[in-house]
Structure formats: C-alpha cells, structure tokens
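*Asks:* Sharing entry_28.cif here; it has mmCIF, C-alpha atoms.
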```cif
data_structure
#
loop_
_atom_site.label_atom_id
_atom_site.label_comp_id
_atom_site.auth_asym_id
_atom_site.auth_seq_id
_atom_site.Cartn_x
_atom_site.Cartn_y
_atom_site.Cartn_z
CA MET A 1345 26.05 27.03 17.17
CA THR A 1346 29.28 27.16 15.17
CA VAL A 1347 27.45 28.45 12.10
CA MET A 1348 25.67 31.06 14.21
CA LYS A 1349 28.95 32.30 15.74
CA LEU A 1350 30.56 32.63 12.32
CA LEU A 1351 27.60 34.59 11.03
CA ILE A 1352 27.65 36.93 14.03
CA LYS A 1353 31.40 37.45 13.63
CA HIS A 1354 30.85 38.30 9.97
CA VAL A 1355 28.15 40.81 10.81
CA LEU A 1356 30.17 42.50 13.54
CA GLN A 1357 33.19 42.73 11.25
CA PHE A 1358 31.43 44.38 8.33
CA HIS A 1359 28.72 46.42 10.03
CA LYS A 1360 29.83 49.03 12.54
CA SER A 1361 26.38 50.49 13.00
CA SER A 1362 24.62 48.89 15.97
CA VAL A 1363 21.30 49.31 14.20
CA HIS A 1364 22.54 47.30 11.23
CA VAL A 1365 23.89 44.63 13.57
CA VAL A 1366 20.53 44.19 15.27
CA ILE A 1367 18.69 43.98 11.94
CA TYR A 1368 21.11 41.39 10.54
CA LEU A 1369 20.99 39.32 13.73
CA ARG A 1370 17.21 39.24 13.57
CA ARG A 1371 17.35 38.10 9.95
CA ILE A 1372 19.87 35.39 10.80
CA THR A 1373 17.71 34.16 13.69
CA LEU A 1374 14.65 34.02 11.43
CA CYS A 1375 16.51 32.09 8.71
CA CYS A 1376 17.86 29.58 11.24
CA SER A 1377 14.36 29.07 12.66
CA ILE A 1378 12.95 28.36 9.20
CA LEU A 1379 15.75 25.88 8.45
CA LEU A 1380 15.23 24.07 11.75
CA ALA A 1381 11.49 23.86 11.17
CA ALA A 1382 11.99 22.49 7.67
CA THR A 1383 14.47 19.92 8.94
CA ALA A 1384 12.06 18.81 11.65
CA SER A 1385 9.18 18.47 9.20
CA MET A 1386 11.29 16.33 6.89
CA ALA A 1387 12.60 14.17 9.73
CA ALA A 1388 9.16 13.52 11.24
CA PRO A 1389 7.92 11.13 8.54
CA GLN A 1390 10.88 8.81 9.07
CA GLY A 1391 9.81 8.41 12.68
CA ALA A 1392 6.24 7.81 11.52
CA ILE A 1393 7.35 4.73 9.59
CA ASN A 1394 8.53 3.21 12.85
CA SER A 1395 4.87 3.42 13.86
CA LYS A 1396 2.86 1.88 11.03
CA GLN A 1397 -0.18 3.88 10.03
CA SER A 1398 -3.03 2.76 7.83
CA SER A 1399 -4.30 5.17 5.19
CA TYR A 1400 -7.64 4.77 6.98
CA GLU A 1401 -6.33 7.17 9.63
CA LEU A 1402 -5.90 9.91 7.02
CA MET A 1403 -9.49 9.71 5.74
CA THR A 1404 -12.40 11.96 6.58
CA ALA A 1405 -14.98 10.83 9.14
CA GLU A 1406 -17.46 10.25 6.30
CA ASN A 1407 -15.12 7.93 4.40
CA LYS A 1408 -14.23 6.04 7.58
CA ALA A 1409 -17.94 5.53 8.26
CA MET A 1410 -18.39 4.24 4.71
CA GLN A 1411 -15.72 1.59 5.24
CA ASP A 1412 -16.86 0.62 8.73
CA ASP A 1413 -20.57 0.17 7.97
CA PRO A 1414 -21.28 -2.85 5.71
CA SER A 1415 -24.54 -1.22 4.63
CA LEU A 1416 -22.59 1.80 3.34
CA ASN A 1417 -19.45 0.10 1.99
CA PRO A 1418 -19.87 -0.32 -1.81
CA ALA A 1419 -17.32 -3.17 -1.78
CA MET A 1420 -19.92 -5.39 -0.12
CA PHE A 1421 -21.64 -5.79 -3.50
CA TRP A 1422 -18.51 -7.59 -4.71
CA VAL A 1423 -18.37 -9.64 -1.51
CA ALA A 1424 -21.95 -10.82 -2.11
CA GLU A 1425 -21.07 -11.70 -5.72
CA GLY A 1426 -17.99 -13.55 -4.49
CA GLU A 1427 -20.06 -15.63 -2.08
CA SER A 1428 -22.32 -16.65 -4.96
CA LEU A 1429 -19.34 -17.54 -7.18
CA TRP A 1430 -17.81 -19.57 -4.32
CA GLN A 1431 -20.82 -21.88 -4.46
CA THR A 1432 -21.16 -21.98 -8.26
CA LYS A 1433 -19.94 -25.07 -10.10
CA SER A 1434 -17.61 -24.26 -12.96
CA GLY A 1435 -15.44 -25.84 -15.64
CA PRO A 1436 -15.61 -29.28 -17.26
CA LYS A 1437 -15.12 -30.88 -13.84
CA ASN A 1438 -18.31 -29.16 -12.70
CA ILE A 1439 -17.10 -28.41 -9.18
CA ALA A 1440 -17.30 -25.30 -7.02
CA CYS A 1441 -14.83 -23.70 -4.65
CA THR A 1442 -16.96 -24.97 -1.80
CA SER A 1443 -16.60 -28.54 -3.11
CA CYS A 1444 -12.95 -28.54 -1.99
CA HIS A 1445 -12.80 -25.78 0.61
CA GLY A 1446 -16.20 -26.00 2.24
CA ASP A 1447 -17.34 -23.04 4.32
CA ALA A 1448 -15.09 -20.09 3.44
CA LYS A 1449 -15.71 -18.51 6.85
CA LYS A 1450 -13.70 -21.38 8.31
CA SER A 1451 -11.36 -22.61 5.57
CA MET A 1452 -10.32 -19.14 4.33
CA ARG A 1453 -9.85 -17.60 7.77
CA GLY A 1454 -6.36 -16.05 7.83
CA ILE A 1455 -5.46 -16.98 4.25
CA ALA A 1456 -5.34 -13.41 2.93
CA THR A 1457 -2.96 -12.36 5.73
CA GLN A 1458 -0.33 -14.87 4.54
CA LEU A 1459 -0.17 -14.02 0.84
CA PRO A 1460 1.84 -13.59 -1.31
CA LYS A 1461 3.78 -16.73 -0.44
CA MET A 1462 5.69 -19.52 -2.12
CA ILE A 1463 3.38 -22.33 -3.27
CA ASN A 1464 4.90 -25.27 -5.15
CA GLY A 1465 8.00 -23.23 -5.93
CA LYS A 1466 6.13 -20.18 -7.25
CA LEU A 1467 5.42 -16.86 -5.56
CA GLN A 1468 1.63 -16.70 -5.52
CA THR A 1469 -0.67 -13.75 -4.78
CA LEU A 1470 -4.29 -14.20 -3.69
CA GLU A 1471 -5.53 -13.51 -7.22
CA GLY A 1472 -2.91 -15.86 -8.63
CA GLN A 1473 -3.91 -18.67 -6.28
CA ILE A 1474 -7.60 -18.26 -7.11
CA ASN A 1475 -6.77 -18.60 -10.81
CA GLN A 1476 -4.47 -21.54 -10.09
CA CYS A 1477 -7.34 -23.33 -8.36
CA ARG A 1478 -9.69 -22.56 -11.24
CA SER A 1479 -7.37 -23.91 -13.91
CA ALA A 1480 -5.98 -26.92 -12.03
CA GLN A 1481 -8.94 -28.03 -9.93
CA GLN A 1482 -11.98 -26.88 -11.91
CA GLY A 1483 -10.49 -26.98 -15.38
CA ALA A 1484 -11.96 -23.51 -15.87
CA PRO A 1485 -10.30 -20.59 -17.69
CA VAL A 1486 -8.41 -18.10 -15.56
CA LEU A 1487 -10.18 -14.85 -14.73
CA PRO A 1488 -8.68 -11.61 -16.10
CA TYR A 1489 -7.17 -9.24 -13.55
CA GLU A 1490 -9.60 -6.49 -12.49
CA SER A 1491 -12.53 -8.48 -13.85
CA LYS A 1492 -15.69 -8.36 -11.74
CA GLU A 1493 -15.49 -12.10 -11.02
CA LEU A 1494 -11.86 -12.14 -9.86
CA LEU A 1495 -12.33 -9.03 -7.72
CA ALA A 1496 -15.47 -10.56 -6.22
CA LEU A 1497 -13.75 -13.82 -5.27
CA THR A 1498 -10.73 -11.92 -3.94
CA ALA A 1499 -12.95 -9.67 -1.80
CA TYR A 1500 -14.92 -12.65 -0.49
CA VAL A 1501 -11.80 -14.56 0.52
CA ALA A 1502 -10.13 -11.45 1.97
CA ILE A 1503 -13.07 -10.47 4.16
CA GLN A 1504 -12.81 -13.78 6.00
CA SER A 1505 -9.53 -12.45 7.50
CA LYS A 1506 -10.82 -8.95 8.32
CA GLY A 1507 -9.28 -7.68 11.55
CA MET A 1508 -6.52 -10.30 11.64
CA PRO A 1509 -2.86 -9.15 11.65
CA ILE A 1510 -0.89 -9.44 8.41
CA ALA A 1511 1.35 -12.47 8.89
CA VAL A 1512 3.73 -12.42 5.90
CA LYS A 1513 7.20 -13.44 7.09
CA GLU A 1514 10.64 -13.72 5.59
CA THR A 1515 11.50 -17.39 5.00
CA PRO A 1516 14.33 -19.26 3.30
CA ALA A 1517 11.89 -20.01 0.47
CA ASN A 1518 10.79 -16.41 -0.20
CA GLN A 1519 13.99 -14.59 0.78
CA GLY A 1520 15.16 -13.95 -2.77
CA GLN A 1521 11.71 -12.80 -3.91
CA LEU A 1522 11.37 -10.51 -0.89
CA LYS A 1523 14.75 -8.94 -1.55
CA LYS A 1524 13.78 -8.31 -5.16
CA GLY A 1525 10.52 -6.71 -4.04
CA GLN A 1526 12.45 -4.40 -1.74
CA GLN A 1527 14.69 -3.43 -4.66
CA TRP A 1528 11.62 -2.52 -6.74
CA PHE A 1529 10.32 -0.43 -3.82
CA GLN A 1530 13.56 1.52 -3.54
CA GLU A 1531 14.45 1.78 -7.23
CA ARG A 1532 13.94 5.09 -9.01
CA MET A 1533 11.89 4.74 -12.17
CA GLY A 1534 10.20 6.66 -14.94
CA GLN A 1535 10.78 10.08 -16.41
CA LEU A 1536 10.28 11.65 -12.97
CA ASN A 1537 13.04 9.38 -11.58
CA LEU A 1538 11.18 8.64 -8.34
CA SER A 1539 10.91 5.52 -6.19
CA CYS A 1540 8.08 4.19 -4.02
CA ALA A 1541 10.26 4.79 -0.95
CA GLN A 1542 10.82 8.48 -1.73
CA CYS A 1543 7.11 9.19 -1.34
CA HIS A 1544 5.87 6.54 1.09
CA GLU A 1545 8.83 6.46 3.48
CA ASP A 1546 10.90 9.62 3.10
CA ARG A 1547 7.89 11.93 2.71
CA ALA A 1548 5.04 10.03 4.37
CA GLY A 1549 2.99 12.47 6.40
CA LEU A 1550 3.88 15.48 4.25
CA LYS A 1551 1.44 16.97 1.76
CA LEU A 1552 1.33 16.56 -1.99
CA GLY A 1553 -1.27 18.56 -3.87
CA GLY A 1554 -3.06 19.33 -0.63
CA SER A 1555 -3.35 15.69 0.42
CA LEU A 1556 -1.30 13.86 3.03
CA ILE A 1557 1.09 11.27 1.61
CA PRO A 1558 0.28 7.83 3.12
CA GLN A 1559 2.80 5.21 4.14
CA GLY A 1560 1.51 3.03 1.30
CA HIS A 1561 0.46 -0.11 3.15
CA PRO A 1562 -1.69 -2.68 1.27
CA ASN A 1563 -3.75 -3.71 4.31
CA ALA A 1564 -7.17 -2.87 2.86
CA TYR A 1565 -7.09 -4.39 -0.62
CA PRO A 1566 -9.10 -4.94 -2.64
CA ILE A 1567 -10.45 -1.43 -2.10
CA TYR A 1568 -13.40 0.54 -3.36
CA ARG A 1569 -11.72 3.76 -4.46
CA LEU A 1570 -14.01 6.74 -4.82
CA GLU A 1571 -11.81 8.08 -7.63
CA TRP A 1572 -12.33 4.84 -9.56
CA GLN A 1573 -15.99 4.40 -8.62
CA THR A 1574 -15.31 0.66 -8.49
CA LEU A 1575 -13.34 -2.02 -6.69
CA GLY A 1576 -9.68 -2.47 -7.54
CA SER A 1577 -6.68 -4.59 -6.59
CA VAL A 1578 -3.36 -3.48 -5.11
CA GLN A 1579 -1.80 -4.20 -8.49
CA ARG A 1580 -4.09 -1.64 -10.12
CA ARG A 1581 -2.98 0.92 -7.54
CA LEU A 1582 0.69 0.10 -8.11
CA ARG A 1583 0.25 0.52 -11.86
CA ASN A 1584 -1.38 3.91 -11.21
CA CYS A 1585 1.69 5.00 -9.25
CA MET A 1586 4.02 3.81 -11.99
CA SER A 1587 1.99 5.71 -14.56
CA GLY A 1588 2.17 8.78 -12.31
CA VAL A 1589 5.96 8.84 -12.43
CA ARG A 1590 5.88 8.16 -16.19
CA ALA A 1591 7.34 4.66 -15.82
CA GLN A 1592 6.73 1.45 -17.75
CA GLN A 1593 4.05 -0.37 -15.77
CA PHE A 1594 4.57 -3.92 -14.54
CA GLU A 1595 2.11 -6.33 -16.12
CA TYR A 1596 -0.78 -7.69 -14.06
CA GLY A 1597 0.18 -11.02 -12.54
CA SER A 1598 3.86 -10.61 -13.42
CA PRO A 1599 6.67 -11.87 -11.16
CA GLU A 1600 7.69 -8.25 -10.56
CA MET A 1601 4.20 -7.38 -9.30
CA ALA A 1602 4.18 -10.40 -6.99
CA GLN A 1603 7.62 -9.51 -5.62
CA LEU A 1604 6.63 -5.91 -4.92
CA GLU A 1605 3.36 -7.01 -3.33
CA LEU A 1606 5.25 -9.50 -1.15
CA PHE A 1607 7.56 -6.78 0.13
CA LEU A 1608 4.67 -4.40 0.81
CA MET A 1609 2.78 -7.05 2.79
CA TRP A 1610 5.94 -7.94 4.73
CA ARG A 1611 6.49 -4.23 5.39
CA ALA A 1612 2.91 -4.03 6.76
CA ARG A 1613 3.24 -7.17 8.91
CA GLY A 1614 1.30 -6.96 12.15
CA MET A 1615 -1.22 -4.42 10.82
CA PRO A 1616 -4.86 -5.55 10.91
CA LEU A 1617 -6.39 -6.44 7.55
CA GLU A 1618 -9.19 -4.02 6.63
CA ALA A 1619 -10.30 -5.63 3.37
CA PRO A 1620 -12.37 -4.71 1.58
CA GLY A 1621 -11.50 -1.11 2.32
CA VAL A 1622 -12.65 2.27 1.06
CA ARG A 1623 -10.26 4.99 -0.07
CA PRO A 1624 -10.72 8.46 -1.63
#
```
Would you kindly transcribe this structure into structure tokens?

*Replies:*
Amino acid sequence: MTVMKLLIKHVLQFHKSSVHVVIYLRRITLCCSILLAATASMAAPQGAINSKQSSYELMTAENKAMQDDPSLNPAMFWVAEGESLWQTKSGPKNIACTSCHGDAKKSMRGIATQLPKMINGKLQTLEGQINQCRSAQQGAPVLPYESKELLALTAYVAIQSKGMPIAVKETPANQGQLKKGQQWFQERMGQLNLSCAQCHEDRAGLKLGGSLIPQGHPNAYPIYRLEWQTLGSVQRRLRNCMSGVRAQQFEYGSPEMAQLELFLMWRARGMPLEAPGVRP
C-alpha cells in the first residue's frame, strides 16, 4: 500500500489532467497485479515441497498406465532377468544370491527403502551392496554401473519393496554423510552456476521448456525412461543433470554420488516406493 500511495502522489503531482491521471492509475494497477501474480507463482512451489509429490503425478495418463500395468511396463523385462540372476550360481565359490538370502520376496522386503545406509563403516547404495555381495560372498567380479545385469538385480530387489514408504533416517552413523549430500544438493555447479535445489525446490511446479519441473524425488528408481529407451539408475539421472548445467559429473559409485543419493532418499522419506518406475 505504501508503494501504491507514493505512486499515486507522484502522478497527481506531475499530471494535472484528470484524463492522464486515470490512464496512469490504470497502468499502475496493471503493473502491481502482474507483480503480485508473479510473486505468487514463485512462492507456490515452496509450499509444494511441504507436500511431497512424485513425478508420477506429472505424467500423462498413458505413461501412468504404462507404469501401473506390469504387462505394459518395459522395466519388467529387467525384473525377470534379475529373478533369473538371483538364482544363478556365480564366481569360484559357485553360489547364488538365493543360497544366502533365500526367497527375495521375503528376505528383500523393505531393503530398498532403507538404502543408502552405513554398512561396516561405509555408505552403501543398493547397487554398491549388490556388488559387495558378489565380490565378498561369491568371489565374482563386480558388475559395471548401468550394465544390464546390475540394473536387473537392482530392479528385482527394488520391486520387492514396491508400495512401502521410504525409510531412510538420519542417524549418528550417517549424519556426516547426509550433511555432505545436502551440501551437494544446494551447491551451485557448472558453467550455468545452478544447484539441484534451485530447480527442484525453488522452482518445482513451474515450467521449463514446456514441461513442469518435478520435485526430484528418487522414489521410482531404477526407471525405464522413454527418452533413454532403456532402464537407468538414479546415478545416471544425476549425471544427466550435472551434464545439463555443464558441470563435472560425479563418477558412478563415488562417495559423492552415494552422499547425494542418501540426502535425496532422506528428503523423500515417507513416500511410497514405485520401483521400477516409468518416466518420459
């Protein structure tokens, strides 16, 4: 109101014609309306973060149907492959995942909702723990990130927790790693000098290139992304974002990736796991 009064005073002082006064007042009112609307649109996303929203809610009905129907979801091919690998003996010890863990539908229930977490003093992601089991228990070589086999095993383990709430918590053991992950999320990077938070918190719900900006929750990974025409991990998606802002990408399986993934899962705590999801 103070700004409006000053503007009116200015107009009345310098424009004696009543016609000019009316025209200027209308212009001022229009400008103020535009500014208020812009402020409201920028403030709305911040409120949206208080209510966590899956990227699923931003998809078309066709893409939602693809994720919801196992007969339409392309990621189920990887799940089937993962089930086969779960039962396949491997390495010089000639043992399978099922030799130690038995029926994955029981033993792996809820596991994907708790990772990343500290295991034997190391922050471990789901992919990292699968490779740890392969090398330590089976004596088999680790699987490369984004390989068909690792994605298949990840998808198979993750689907056992489908529908369960993400349960990553802050603990004395992971506190330092979680804080570091939050720093990565908020730190500007690359030639575009942008942070994860600037898009997925400050501007979530606004449009970029005609598409709505999601809140950036990792509750559906691994995902079958239509743009990729294949399954991919959350680390692949994070590297895509880093490349998009012209930043040096974190290496697959690096401590930085694990820290950022930990923070993202903690940020999404309570959201139901959708894995394996479908995204545009």

*Asks:* In Å, rounded to a single decimal, give me how far CA of Leu1522 in chain A is from CA of Leu1575 in chain A.

*Replies:* 26.8 Å

*Asks:* I'd like to know which of A:Glu1571, A:Glu1618, A:Leu1494, A:Ala1440 is closest to Asp1412 in chain A, using all atoms listed in the file.

*Replies:*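 The closest residue to Asp1412 in chain A is A:Glu1618.
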
*Asks:* Expanded to explicit residues, what is the PyMOL selection byres ((chain A and resi 1422) around 9) for this file, as a VMD selection string?

*Replies:* chain A and resid 1418 to 1421 1423 to 1427 1492 to 1493 1495 to 1500 1575

*Asks:* Could you write those residues out with C-alpha atoms, as a PDB file, keeping the file's coordinate frame?

*Replies:*
```
ATOM      1  CA  PRO A1418     -19.870  -0.320  -1.810  1.00  0.00           C
ATOM      2  CA  ALA A1419     -17.320  -3.170  -1.780  1.00  0.00           C
ATOM      3  CA  MET A1420     -19.920  -5.390  -0.120  1.00  0.00           C
ATOM      4  CA  PHE A1421     -21.640  -5.790  -3.500  1.00  0.00           C
ATOM      5  CA  VAL A1423     -18.370  -9.640  -1.510  1.00  0.00           C
ATOM      6  CA  ALA A1424     -21.950 -10.820  -2.110  1.00  0.00           C
ATOM      7  CA  GLU A1425     -21.070 -11.700  -5.720  1.00  0.00           C
ATOM      8  CA  GLY A1426     -17.990 -13.550  -4.490  1.00  0.00           C
ATOM      9  CA  GLU A1427     -20.060 -15.630  -2.080  1.00  0.00           C
ATOM     10  CA  LYS A1492     -15.690  -8.360 -11.740  1.00  0.00           C
ATOM     11  CA  GLU A1493     -15.490 -12.100 -11.020  1.00  0.00           C
ATOM     12  CA  LEU A1495     -12.330  -9.030  -7.720  1.00  0.00           C
ATOM     13  CA  ALA A1496     -15.470 -10.560  -6.220  1.00  0.00           C
ATOM     14  CA  LEU A1497     -13.750 -13.820  -5.270  1.00  0.00           C
ATOM     15  CA  THR A1498     -10.730 -11.920  -3.940  1.00  0.00           C
ATOM     16  CA  ALA A1499     -12.950  -9.670  -1.800  1.00  0.00           C
ATOM     17  CA  TYR A1500     -14.920 -12.650  -0.490  1.00  0.00           C
ATOM     18  CA  LEU A1575     -13.340  -2.020  -6.690  1.00  0.00           C
TER      19      LEU A1575
END
```

*Asks:* Could you tell me which residues the PyMOL selection byres ((chain A and resi 1585-1599) around 12) grabs in this file, written as a count of residues only?

*Replies:* 55

*Asks:* One decimal, Å: what's the distance from CA of Cys1477 in chain A over to CA of Ala1517 in chain A, could you say?

*Replies:* 21.4 Å

*Asks:* Which residues, written as a list in words, have at least one atom at most 12 Å from Ser1555 in chain A, with only C-alpha atoms counted and residues fewer than 3 positions away on the same chain left out?

*Replies:*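 Counting only the stated atoms, we get Ser1399, Leu1402, Met1403, Thr1404, Ala1548, Gly1549, Leu1550, Lys1551, Leu1552, Pro1558 and Pro1624 of chain A.
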
*Asks:* Between CA of Lys1408 in chain A and CA of Ala1448 in chain A, what distance in Å does the model show, to one decimal?

*Replies:*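 Here the two named atoms are 26.5 Å from each other.
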
*Asks:* For Ala1612 in chain A, please output as a ChimeraX atom specification all residues within 9 Å (counting only C-alpha atoms; exclusion window: fewer than 5 positions along the same chain).

*Replies:* /A:1396,1510-1512,1561-1563,1607

*Asks:* Determine the nearest neighbour of Pro1566 in chain A from the options A:Glu1514, A:Ser1428, A:Gly1435, A:Ala1502, counting only C-alpha atoms.

*Replies:* A:Ala1502

*Asks:* Can you pull out every residue within 9 Å of Lys1513 in chain A, counting all atoms listed in the file, but drop anything in the same chain fewer than 6 positions away, and send it as a list in words?

*Replies:*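 Skipping anything fewer than 6 positions along the chain leaves Gln1458, Lys1461, Met1609, Trp1610 and Arg1613 of chain A.
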
*Asks:* Padding 3 Å on every side, please: axis-aligned box over the listed atoms of range 1545-1553 of chain A, centre and edge lengths to one decimal in Å, as JSON.

*Replies:*
```
{"center_x": 4.8, "center_y": 12.5, "center_z": 1.3, "size_x": 18.2, "size_y": 18.1, "size_z": 16.3}
```

*Asks:* Could you state which residues are captured by the PyMOL selection byres ((chain A and resi 1439) around 12) in this file, as a list in words?

*Replies:*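 That expression, the PyMOL selection byres ((chain A and resi 1439) around 12), corresponds here to Leu1429, Trp1430, Gln1431, Thr1432, Lys1433, Ser1434, Gly1435, Pro1436, Lys1437, Asn1438, Ala1440, Cys1441, Thr1442, Ser1443, Cys1444, His1445, Gly1446, Cys1477, Arg1478, Ser1479, Ala1480, Gln1481, Gln1482, Gly1483 and Ala1484 of chain A.
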